[in-house]
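Just below is one structure, and these are the notes that go with it.
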Amino acid sequence: MSTAPTAKSIITDTIYTIAGILFCGFALKSFLIPNAFFDGGVTGISLLIHELYHVNIAYVIILANIPFIVMGMFQVNKTFALRTLLAIIGLALCLLYIPYPDKITSDKLLVSIFGGVFMGTGIGLAIRGGCALDGIEVLALYTGKRISFTISEIILGINIVIFLIAAFEVGFTTSLYSIITYFTASRMINFVIEGLEEYTGVTIISGQNQAIKEMLVMQLGRGITIYKGERGFLKETFDVHHPVDIVFTVVTRLELRRLKDMVHEIDPKAFIFTSIIKEAAGGVLKRRARH
């Protein structure tokens with residue numbers, strides 16, 4: 001059963017989206033376009049067309065994203081497609097009318113790093129606002145359902161083609177620096193979406209599980225889930241095994257080291273393994289306020 005978004009969530013999403021548009025416009029007008037740099041995805045295609053054919057980047061970005069907006073309507077939903085269309089139009093208007101500082105620096109390393117930082121921040125904020133300023137992931141989602149490659153592999157393949165074309169058309173040096181831009185933008189997108197509080201799932205198997213459960217709940221204030229299992233089955237004593245409670249909890253990566261130390265104080269032989277959780281909500285989760 002779907003629920004209508006609240007006024008607070010609509011305002012929050014709108015603020016995220018507007019901030020994302022402004023950051024992306026700043027990255028394009030003040031860093032990438034004046035220095036003939038590129039990025040990955042649809043933005044990279046738009047920058048390449050702009051550089052080769054000198055078509056206004058604002059119009060190119062809209063036209064290049066339209067096919068992916070249509071795909072988004074079917075692959076995600078109509079609301080996502082409408083928000084993305086409005087965001088892309090907003091970005092184009094920013095590029096046309098906002099007087100961003102022109103060519104802040106000509107240093108290629110600074111351009112590649114900070115162009116990527118601001119571009120990734122903008123795209124990440126837009127994603128948090130429920131839309132996309134680059135439609136390449138929609139294409140990867142669409143393609144991934146039809147071929148046996150992951151979405152990440154498809155995006156990587158598309159971007160390799162973009163950077164190879166850029167290398168032959170505008171030079172290998174610029175293309176190599178642009179790869180740094182793309183990598184920096186990708187890292188910033190992940191940081192903006194997940195932040196320092198990227199969650200980690202922790203599974204603990206120990207004969208001292210009762211003490212570990214008490215420590216997790218009473219000292220760390222974490223919620224726990226218990227799976228029933230068996231431990232033992234060693235090569236020398238395969239027939240010897242015992243029931244055990246397998247403890248699962250979720251912590252931020254900043255808390256992971258402390259959790260491991262506390263578990264090993266209780267049981268130095270405890271078996272611990274972790275897995276990255278891209279998003280978590282509900283339950284007993286500690287969230288720091290985002291500033």
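Within each chain, counting starts at residue 1; across the structure tokens, chains are named A, B, ... in the order shown, with ligands numbered 1 upward in that order.
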What lies within 10 Å of His242 of chain A using only C-alpha atoms, ignoring chain neighbours under 3 positions off, as a ChimeraX atom specification?
-> /A:207,229-233,239
For the residues in that selection, give me N, CA and C atoms as an mmCIF file, in the first residue's frame.
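Heads up, here's the output in selection22.cif:
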data_model
loop_
_atom_site.group_PDB
_atom_site.id
_atom_site.type_symbol
_atom_site.label_atom_id
_atom_site.label_comp_id
_atom_site.auth_asym_id
_atom_site.auth_seq_id
_atom_site.Cartn_x
_atom_site.Cartn_y
_atom_site.Cartn_z
ATOM 1 N N GLY A 207 30.709 -19.232 21.025
ATOM 2 C CA GLY A 207 30.165 -20.008 22.124
ATOM 3 C C GLY A 207 29.737 -19.140 23.289
ATOM 4 N N GLY A 229 21.648 -21.927 14.752
ATOM 5 C CA GLY A 229 22.560 -22.693 13.917
ATOM 6 C C GLY A 229 23.289 -23.746 14.723
ATOM 7 N N GLU A 230 24.294 -24.334 14.111
ATOM 8 C CA GLU A 230 25.136 -25.320 14.783
ATOM 9 C C GLU A 230 26.586 -25.012 14.476
ATOM 10 N N ARG A 231 27.444 -25.222 15.452
ATOM 11 C CA ARG A 231 28.865 -25.007 15.269
ATOM 12 C C ARG A 231 29.620 -26.298 15.563
ATOM 13 N N GLY A 232 30.810 -26.379 15.037
ATOM 14 C CA GLY A 232 31.613 -27.593 15.172
ATOM 15 C C GLY A 232 32.030 -28.076 13.787
ATOM 16 N N PHE A 233 31.741 -29.347 13.485
ATOM 17 C CA PHE A 233 32.000 -29.925 12.168
ATOM 18 C C PHE A 233 33.462 -29.728 11.734
ATOM 19 N N ASP A 239 31.820 -35.289 13.626
ATOM 20 C CA ASP A 239 30.536 -35.667 14.208
ATOM 21 C C ASP A 239 30.196 -34.895 15.474
#
With a distance cut-off of 7 Å and only C-alpha atoms, select the neighbouring residues of segment 261-269 of chain A, excluding the residue or stretch itself and same-chain residues fewer than 2 positions from it, and output the selection as a ChimeraX atom specification.
-> /A:208,212,257-259,271
Which one of A:Ile15, A:Ile45, A:Leu82, A:Val250 sits closest to Ile162 of chain A if you count only C-alpha atoms?
->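 For Ile162 of chain A, the nearest of the given residues is A:Ile45.
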Surrounding residues of segment 128-137 of chain A excluding itself and chain neighbours under 4 positions, 6 Å, only C-alpha atoms, as an MDAnalysis selection string = chainID A and resid 13 16:17 41:42 65 68 80 83:84 88 123
Export N, CA and C atoms of the chosen residues as a tab-separated table (two decimals), in the first residue's frame?
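Contents of the output file again_34.tsv:
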chain	number	residue	atom	x	y	z
A	13	ASP	N	13.01	17.02	-0.31
A	13	ASP	CA	13.45	16.54	-1.62
A	13	ASP	C	13.72	17.70	-2.57
A	16	TYR	N	17.07	19.33	-1.62
A	16	TYR	CA	18.16	18.49	-2.09
A	16	TYR	C	18.36	18.65	-3.59
A	17	THR	N	17.26	18.62	-4.33
A	17	THR	CA	17.34	18.69	-5.79
A	17	THR	C	17.89	20.03	-6.26
A	41	GLY	N	29.07	8.95	-18.11
A	41	GLY	CA	27.62	8.96	-18.24
A	41	GLY	C	27.11	9.93	-19.29
A	42	VAL	N	25.84	10.29	-19.13
A	42	VAL	CA	25.19	11.19	-20.08
A	42	VAL	C	25.83	12.57	-20.04
A	65	ASN	N	19.38	13.55	-22.32
A	65	ASN	CA	18.74	12.83	-21.20
A	65	ASN	C	17.32	12.39	-21.49
A	68	PHE	N	16.58	8.65	-21.65
A	68	PHE	CA	16.74	7.99	-20.36
A	68	PHE	C	15.61	8.36	-19.40
A	80	PHE	N	9.34	9.59	-10.66
A	80	PHE	CA	10.79	9.71	-10.82
A	80	PHE	C	11.11	10.37	-12.15
A	83	ARG	N	10.26	14.14	-11.99
A	83	ARG	CA	11.24	14.87	-11.19
A	83	ARG	C	12.57	15.02	-11.92
A	84	THR	N	12.97	13.95	-12.60
A	84	THR	CA	14.22	13.99	-13.34
A	84	THR	C	14.15	14.99	-14.49
A	88	ILE	N	16.59	18.20	-14.82
A	88	ILE	CA	17.43	18.42	-16.00
A	88	ILE	C	17.15	19.80	-16.60
A	123	ILE	N	25.12	15.47	-8.12
A	123	ILE	CA	24.38	14.28	-8.54
A	123	ILE	C	23.89	13.51	-7.31
When DSSP works through the backbone of this structure, what residues of segment 56-246 of chain A end up as alpha helix (DSSP H), shown as a count of residues only?
-> 118
Tell me, as a PyMOL selection string, which residues lie within 9 Å of Ile89 of chain A, counting only C-alpha atoms; anything in the same chain fewer than 6 positions away does not count.
-> chain A and resi 58+61-62
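Using only C-alpha atoms, the nearest neighbour of Met215 of chain A within the list A:Phe238, A:Tyr182, A:Phe74, A:Thr249 is A:Thr249.
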With only C-alpha atoms as the atoms that count, which of A:Val251, A:Val192, A:Ile57, A:Ile33 lies nearest to Arg222 of chain A?
-> A:Val251
Could you pull out the strand (DSSP E) residues of segment 2-202 of chain A from DSSP and send them as a PyMOL selection string?
-> chain A and resi 199-202
So which one's closest to Met71 of chain A, A:Ile189, A:Gly157, A:His241, A:Leu85? Using only C-alpha atoms, please.
->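 Of all the options, A:Leu85 lies closest to Met71 of chain A.
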Return the single residue from A:Phe163, A:Phe172, A:Tyr97, A:Phe118 that is closest to Leu47 of chain A, with distances computed using only C-alpha atoms.
->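 Checking each of A:Phe163, A:Phe172, A:Tyr97, A:Phe118 against Leu47 of chain A, counting only C-alpha atoms, the winner is A:Phe163.
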Counting only C-alpha atoms, the residue among A:Thr203, A:Phe31, A:Asp245, A:Ser178 that lies closest to Ala166 of chain A is A:Ser178
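The spacing separating atom CA of Leu63 of chain A from atom CA of Leu176 of chain A amounts to 26.5 Å.
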Atom CA of Val247 of chain A to atom CA of Lys235 of chain A, straight-line distance in Å =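 Calculated distance between atom CA of Lys235 of chain A and atom CA of Val247 of chain A is 24.4 Å.
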Exercise: segment 105-114 of chain A partners within 6 Å, only C-alpha atoms, chain neighbours under 5 positions left out, as JSON, numbers by chain = {"A": [31, 177, 180, 181]}
Give me a file of those residues, with N, CA and C atoms, as a JSON list (two decimals), in the first residue's frame.
[["chain", "number", "residue", "atom", "x", "y", "z"],
["A", 31, "PHE", "N", 34.50, 24.68, -13.94],
["A", 31, "PHE", "CA", 35.63, 23.75, -13.97],
["A", 31, "PHE", "C", 35.72, 22.97, -15.29],
["A", 177, "TYR", "N", 42.93, 12.78, -17.43],
["A", 177, "TYR", "CA", 42.51, 13.64, -16.33],
["A", 177, "TYR", "C", 40.99, 13.53, -16.10],
["A", 180, "ILE", "N", 39.99, 10.83, -13.84],
["A", 180, "ILE", "CA", 40.10, 11.23, -12.43],
["A", 180, "ILE", "C", 38.83, 11.97, -12.00],
["A", 181, "THR", "N", 38.33, 12.84, -12.88],
["A", 181, "THR", "CA", 37.08, 13.55, -12.60],
["A", 181, "THR", "C", 35.95, 12.57, -12.35]]
What's the 8 Å shell around Ala81 of chain A, counting only C-alpha atoms, without same-chain residues fewer than 6 positions away, as a list of chain:residue names?
->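 Final neighbour list, sorted by chain and number: A:Ile69, A:Val70, A:Gly72, A:Met73, A:Cys131.
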